[in-house]
Every structure is written in C-alpha cells, then in structure tokens.
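*Asks:* Would you mind keeping the following structure in view while I ask a few things?
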Amino acid sequence: MLASDLKTQCFERSVASDGAAETALATTLTPPAAGAPAPVIALKARGSTSGFGLRRVLGPMVETVLPPLVVLAVALFIWEMAAAGPRASMPAPSRVWTEAGDLIASPFFVNGPQDIGLGWRVAISLQRVAIGFGLASIVGIVIGVLIGQSRIAMRGLDPIFQVLRTVPPLAWLPISLAAFRDANPSAIFVIFITAIWPIIINTAVGIRNIPQDYRNVAAVLQLNAMEYFWRIMIPAAAPYIFTGLRIGIGLSWLAIVAAEMLTGGVGIGFFIWDAWNSSRLPDIIVALVYIGLVGFVLDRSVAAIGALATRGAQAT
Amino acid sequence: MIAPLHPRSHVPSSAPAKGQPLLKVDAVDKVFERGGKTTEVLRDVSLTICQGEFVSIIGHSGCGKSTLLNLIAGLTTVTRGAVLLDNREVNSPGPDRAVVFQNHSLLPWLTVYDNVRLAVDKVFGRLKSRQERHEWTLHNLDLVQMRHAADKRPGEISGGMKQRVGIARALAMEPRVLLMDEPFGALDALTRANLQDSVMQIHSRIANTVIMITHDIDEAVLLSDRIVMMTNGPAARIGEVLQVDLPRPRNRLEMVSGRTYIACRETVMKFLYERHRYVEAAA
C-alpha cells in the first residue's frame with residue numbers, strides 16, 4: 001500500500017512537471033494499486049488529447065475504416081470456403097475475380113453497341129434516374145407545397161397517397177408500357193411514380209409544420225405570396241423536403257434496376273438479366289456490387305446536399 | 001458613444017406630438033370559438049396610449065394579455081369594438097406595429113444581419129437606397145449592441161442576443177408602436193436586467209411608443225410610464241391602471257429603495273395577489 005502511494009505521488013509530480021515524459025512513464029510504471037486509480041485516468045485522458053497530430057487524424061480513420069474491412073475479409077473468406085466444393089451452385093470470390101475481373105478493372109470499355117463497360121451501363125441507368133427523379137422532385141415539391149397549405153386537401157389526399165406509395169414500382173410498369181408504348185419513357189415513368197410519393201408527403205408535412213412564429217413574422221412584415229414562398233416556406237420546409245428526396249432517390253435506384261430487367265436496353269439492370277440468360281454468374285455478382293456502391297453514393301450525395309442547403313434551418 | 005440617429009424621414013406629418021393620443025383600444029371584446037365551444041377572453045377593454053409612452057400590461061397567465069397584444073398587432077381580429085391607430089382602424093398586421101415575439105422568432109436560416117435586413121428591405125425597399133438600407137440595418141444592430149454578430153446565425157448566439165436581434169428587427173421597421181410580448185420571459189435574471197437597461201436606453205433616445213406584456217412586477221415598474229393591470233380570465237378586463245411617476249433616466253439600483261418605486265410595486269402586488277389571485281389558487 002505504501003509503495004503504491006509513493007508511486008502515485010511520483011506519478012502526479014512528473015505529470016505536472018513534465019508533460020512530455022508522460023508517455024515514457026506510462027510504459028515503464030506498473031499500474032497503481034486499486035486504491036489510487038485517479039492519476040491513471042487523468043494520464044490516459046491527457047495522453048489521448050495531446051498525442052501526435054498524425055495519430056489524432058489516423059486514429060478515427062482506423063476506427064471507422066478498419067472494422068468494415070475486417071468484416072469484408074471474413075465474409076469473403078467464409079464465402080470462398082462455402083463455394084469451394086465441386087457441387088457448389090455459386091461461384092467463389094476467386095472465380096468471380098478470374099472470370100469477371102475485367103469488368104472490375106476497366107469499367108469504361110466499348111467493344112460494340114451491346115458490349116460496354118459497367119461504368120457506361122451505370123451511367124445510362126443514372127441518366128434515366130436523373131430524368132425520372134428530377135421530374136418527381138419538381139412535381140412532388142410543387143404538389144406537396146399546394147397540399148401542405150390546405151388542411152382539407154391534406155385530409156383528402158393523404159390516404160390516397162399513403163395507399164399509392166405502397167404499390168411496388170414494377171406494378172406500374174405494364175400500365176406505363178401501355179400508355180407510352182416505348183421502353184425508355186416507361187422506365188422513366190416507373191422511377192417518377194415511385195419516387196414522387198415520399199417527396200409529396202414529406203414536403204406537405206414540412207409546410208404544415210412551419211411554426212406559427214414564422215407565419216406571424218411574415219404577417220407583420222407583410223410579405224407577399226412569392227416572398228413568403230421563397231423567404232419562409234421553402235427554407236423552413238427544406239429539412240423535410242430533403243428527407244423526402246433522400247427516400248425518393250433510394251426508391252428510384254431500386255426501381256430502375258428492376259424496370260430495366262424487363263424493358264431491356266443497355267442499363268445495369270438489363271445487364272444482370274442478360275448475364276443470367278447466358279449463365280454468367282460472376283458478372284452478376286460484380287454488377288450487384290456496382291449497384292450497391294452507386295446506390296450508396298446517391299443516398300449520401302442527397303444527404304450531403306441536404307445538410308448543406310438546410311444549414312441552420314433546424315437550429316432554434 | 002453611439003452614433004446620432006438617422007432622420008426619421010417617413011413619419012407622416014400628421015403624427016401626434018409627444019403626449020398626444022396615438023393608439024386607441026375601443027371597447028374591445030374577444031371571443032374565441034373552437035368546435036362549437038365559445039370562450040370569452042376579453043370583455044370591454046378600452047385603453048388609450050399616447051405618443052412616446054411606455055405602457056406595460058401585466059396579469060396572471062391565461063388572462064388574455066397576449067390576446068390583447070395580438071389584437072393590437074392585428075394577428076387576431078376583434079369580435080366587437082375596434083383598435084385605432086392615428087384614428088384609423090387597424091385589423092391586419094403591419095410594420096407600423098412591429099412585434100418583438102416572446103421566443104425571438106428569428107429566421108434560423110438567415111444571419112443576424114439578414115434577419116434585420118429582410119425587415120428593412122420590406123419596409124424601406126422603395127424609400128431608401130441600397131446603401132441607406134445597409135446602413136440602417138447596421139445602425140439598428142448598433143442600437144442593441146449586436147453589430148459584432150452580424151454574420152452569425154441565430155443558432156450560434158445566446159438567448160439574450162437573439163432577443164436583442166429581435167428588438168433590432170422590430171425597431172428597424174420604425175414602428176409607430178413597438179409591441180413586446182413578454183420579451184424577456186425566457187431569459188435568465190442577469191441577461192434580463194441587461195436587456196431591460198438596453199430597452200430603457202433606446203426608449204430614452206428615440207422616444208418611441210412601446211406596449212409591453214409582462215408578468216414581472218419589477219420589470220413593469222422599472223420600465224413603464226403606466227402599468228395596465230388585467231383581471232383574471234375568462235372575460236378579462238382592465239382592472240386598474242397605475243401611473244408610474246418615477247423620473248427618467250431611471251437607475252435600477254437607485255430606485256429599488258425609493259419610496260415611489262416601493263409604493264408602485266406594492267400596488268401592483270396587491271392587485272395581483274390579493275384582489276385577483278391566480279384562478280387555480282383561488283378555486
């Protein structure tokens with residue numbers, strides 16, 4: 001007990017007198033007895049904040065990047081083992097790499113009208129999403145704003161929207177094909193009709209939730225309808241609108257892959273269907289990874305734009 | 001020292017001189033109807049406020065004092081009677097009756113400067129040049145000592161500072177009457193005292209007409225020329241009006257032990273706690 005007391009005393013003095021020596025001390029000193037844990041805690045706290053700059057930057061990066069990498073490696077290993085047998089129905093990661101590695105290595109090759117890199121296919125799918133989602137955003141926000149203004153419109157239309165929004169994207173496709181008589185506009189319409197409901201609903205809720213305070217400010221300032229729309233309504237509802245847009249872009253990406261499988265063309269969805277028909281399973285797996293990564297990037301992009309655009313809008 | 005005030009260019013020539021009646025609340029009743037149930041909030045409220053006067057309206061919560069302020073602001077409409085400003089009836093909101101809201105109500109997506117500038121642009125868009133509007137905005141931020149935070153957003157400043165900006169925004173509209181709805185209610189005692197001093201200072205400089213809702217007796221006595229005491233609702237009316245004959249400029253430390261101050265305080269206290277105790281306590 002006495003020895004440990006002495007140790008903690010030295011400990012504290014050295015920490016107080018010379019901060020630079022603390023790392024060395026921490027490694028050489030044995031941990032103090034249970035009776036005096038305080039200095040150790042203090043030392044740990046100081047050590048973590050006053051470490052080298054590089055360590056401070058790398059530390060969080062290692063913490064966020066390392067775990068997913070480890071999980072990925074383990075998953076690939078298990079998959080490799082599971083698909084190693086001669087009767088395995090799925091290709092192992094190693095086979096995916098040998099047979100479809102060119103798709104990963106060079107995403108932007110063009111060997112003919114139907115033989116292009118996955119990067120190009122994704123770009124074509126993204127183009128459809130851009131048109132469909134873009135239209136859905138504009139129309140959805142406009143309708144949402146109109147509905148949000150009126151309690152009666154909200155009451156009347158909300159149940160209908162709630163039903164329509166649960167209709168699976170592909171269920172719209174036959175109707176849309178019948179209406180447009182062409183694959184490409186039909187696919188775009190499916191994206192539009194899938195993405196628009198969450199945008200309408202969230203915008204309307206955002207408009208309804210504009211605090212009475214802001215309405216009062218607008219009334220005292222005698223803002224006219226246009227000023228009220230741009231200066232109060234849109235910024236106040238922006239967080240809700242971006243929530244709707246973020247759900248919408250996710251649904252769009254879900255819808256386009258499914259729609260392209262049925263409508264054909266050169267998108268990433270059709271590529272999967274085509275690969276399935278010619279039994280190129282490794283190609284399908286590579287395409288799945290592409291779709292997942294692009295969907296992730298889309299989601300994060302809308303979230304980032306939203307965070308930028310609604311800066312301060314939620315603070316009180 | 002604070003810069004001299006801009007000339008008040010657009011005040012109509014018919015504006016009453018100091019001490020002349022400016023705002024008249026004439027036999028106002030207010031009844032709210034909700035789901036077939038009617039609630040009489042105010043009954044036969046009459047009040048005349050003179051140019052340059054500082055009037056506080058005090059009463060227990062729920063007595064309808066905020067409703068009275070909203071009626072004057074035009075944010076709600078009277079059921080019977082009328083609110084007259086310069087002998088003209090007002091029944092819709094406007095910048096001539098600018099409001100300092102209880103919870104500041106700054107637009108969080110605009111900077112402090114832009115919050116005030118929005119009001120300046122709206123009220124003086126045609127009357128002043130761009131440069132003049134910029135200077136007028138900064139001048140009003142100076143009045144409340146908030147120029148240093150002009151580029152900050154409301155989320156980045158303290159509650160007291162937000163309320164200062166709220167006052168600057170209201171003052172920037174050059175209202176005929178400044179309406180304040182429990183402006184310091186959400187602030188801690190020290191910040192509150194600080195802001196009260198600022199409001200007194202501004203009032204002594206620009207001699208504006210102010211109506212303030214409060215539930216703080218000291219605040220009412222310190223700031224007001226007259227204190228309007230409301231009875232408890234429903235169907236609240238004006239119970240008593242107290243003239244506060246304290247010389248200006250007022251200093252809270254010198255006044256607090258003065259005889260007039262204590263007498264005023266006592267009158268309001270007796271009204272609120274003896275004759276019109278809080279309904280729930282009385283029931």
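Ordering of the structure tokens sets the chain letters (A, B, ...), residue numbers begin anew at 1 in every chain, and ligands are numbered from 1 in the order given.
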If you count only C-alpha atoms, which residues fall within 10 Å of Asn70 (chain B), apart from same-chain ones fewer than 4 positions away, as a ChimeraX atom specification?

*Replies:* /A:216 /B:64-66,74-78,93,99,179,181

*Asks:* Once you count only C-alpha atoms, which residues of chain B turn out to be within 7 Å of chain A? Could you give them as a list in words?

*Replies:*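 The contacting residues on chain B are Pro93, Gly94, Pro95, Ala98, Ser105, Pro108, Trp109, Ala119, Lys122 and Gly155 of chain B.
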
*Asks:* Quick check for you: according to DSSP on this backbone, which residues of region 84-116 of chain B are classed as strand (DSSP E)? Reply as a list in words.

*Replies:* Leu84, Leu85, Arg88, Glu89, Val99 and Val100 of chain B

*Asks:* So that I have them on file, write out the residues from the current selection with C-alpha atoms, as a PDB file, in the first residue's frame.

*Replies:*
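Writing the result to again-v4.pdb gives the following:
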ATOM      1  CA  LEU B  84     -57.468  52.627 -33.838  1.00  0.00           C
ATOM      2  CA  LEU B  85     -54.015  53.893 -34.771  1.00  0.00           C
ATOM      3  CA  ARG B  88     -57.750  54.772 -38.365  1.00  0.00           C
ATOM      4  CA  GLU B  89     -58.989  51.281 -37.673  1.00  0.00           C
ATOM      5  CA  VAL B  99     -43.779  42.874 -32.662  1.00  0.00           C
ATOM      6  CA  VAL B 100     -40.923  41.553 -30.531  1.00  0.00           C
TER       7      VAL B 100
END

*Asks:* Please list as a list in words every residue within 8 Å of His104 (chain B), counting only C-alpha atoms and excluding residues in the same chain fewer than 6 positions away.

*Replies:* Lys162, Gln163, Val165, Gly166 and Pro183 of chain B

*Asks:* Export all heavy atoms of the chosen residues as an mmCIF file, in the first residue's frame?

*Replies:*
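Just written: out.cif:
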data_model
loop_
_atom_site.group_PDB
_atom_site.id
_atom_site.type_symbol
_atom_site.label_atom_id
_atom_site.label_comp_id
_atom_site.auth_asym_id
_atom_site.auth_seq_id
_atom_site.Cartn_x
_atom_site.Cartn_y
_atom_site.Cartn_z
ATOM 1 N N LYS B 162 -30.238 36.757 -29.128
ATOM 2 C CA LYS B 162 -31.311 36.569 -30.102
ATOM 3 C C LYS B 162 -32.410 37.593 -29.863
ATOM 4 O O LYS B 162 -32.946 38.183 -30.801
ATOM 5 C CB LYS B 162 -31.907 35.164 -29.962
ATOM 6 C CG LYS B 162 -31.074 34.097 -30.631
ATOM 7 C CD LYS B 162 -31.741 32.746 -30.473
ATOM 8 C CE LYS B 162 -30.693 31.719 -30.179
ATOM 9 N NZ LYS B 162 -31.189 30.426 -29.800
ATOM 10 N N GLN B 163 -32.751 37.780 -28.576
ATOM 11 C CA GLN B 163 -33.822 38.720 -28.279
ATOM 12 C C GLN B 163 -33.397 40.145 -28.639
ATOM 13 O O GLN B 163 -34.216 40.932 -29.097
ATOM 14 C CB GLN B 163 -34.205 38.606 -26.803
ATOM 15 C CG GLN B 163 -35.588 39.121 -26.470
ATOM 16 C CD GLN B 163 -36.676 38.570 -27.369
ATOM 17 O OE1 GLN B 163 -36.854 38.997 -28.512
ATOM 18 N NE2 GLN B 163 -37.418 37.599 -26.871
ATOM 19 N N VAL B 165 -31.524 40.897 -31.167
ATOM 20 C CA VAL B 165 -31.701 40.977 -32.617
ATOM 21 C C VAL B 165 -33.192 41.127 -32.948
ATOM 22 O O VAL B 165 -33.565 41.892 -33.845
ATOM 23 C CB VAL B 165 -31.106 39.732 -33.315
ATOM 24 C CG1 VAL B 165 -31.326 39.813 -34.816
ATOM 25 C CG2 VAL B 165 -29.625 39.607 -33.005
ATOM 26 N N GLY B 166 -34.036 40.400 -32.193
ATOM 27 C CA GLY B 166 -35.478 40.537 -32.384
ATOM 28 C C GLY B 166 -35.927 41.979 -32.172
ATOM 29 O O GLY B 166 -36.762 42.507 -32.922
ATOM 30 N N PRO B 183 -41.012 39.957 -23.678
ATOM 31 C CA PRO B 183 -39.770 39.853 -24.450
ATOM 32 C C PRO B 183 -38.623 39.202 -23.671
ATOM 33 O O PRO B 183 -37.732 38.630 -24.271
ATOM 34 C CB PRO B 183 -39.441 41.306 -24.792
ATOM 35 C CG PRO B 183 -40.141 42.113 -23.756
ATOM 36 C CD PRO B 183 -41.372 41.357 -23.401
#

*Asks:* Mind giving me the straight-line distance from CA of Arg205 (chain B) to CA of Arg153 (chain B) in Å, one decimal?

*Replies:*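 Value for the CA of Arg205 (chain B)-CA of Arg153 (chain B) distance: 28.1 Å.
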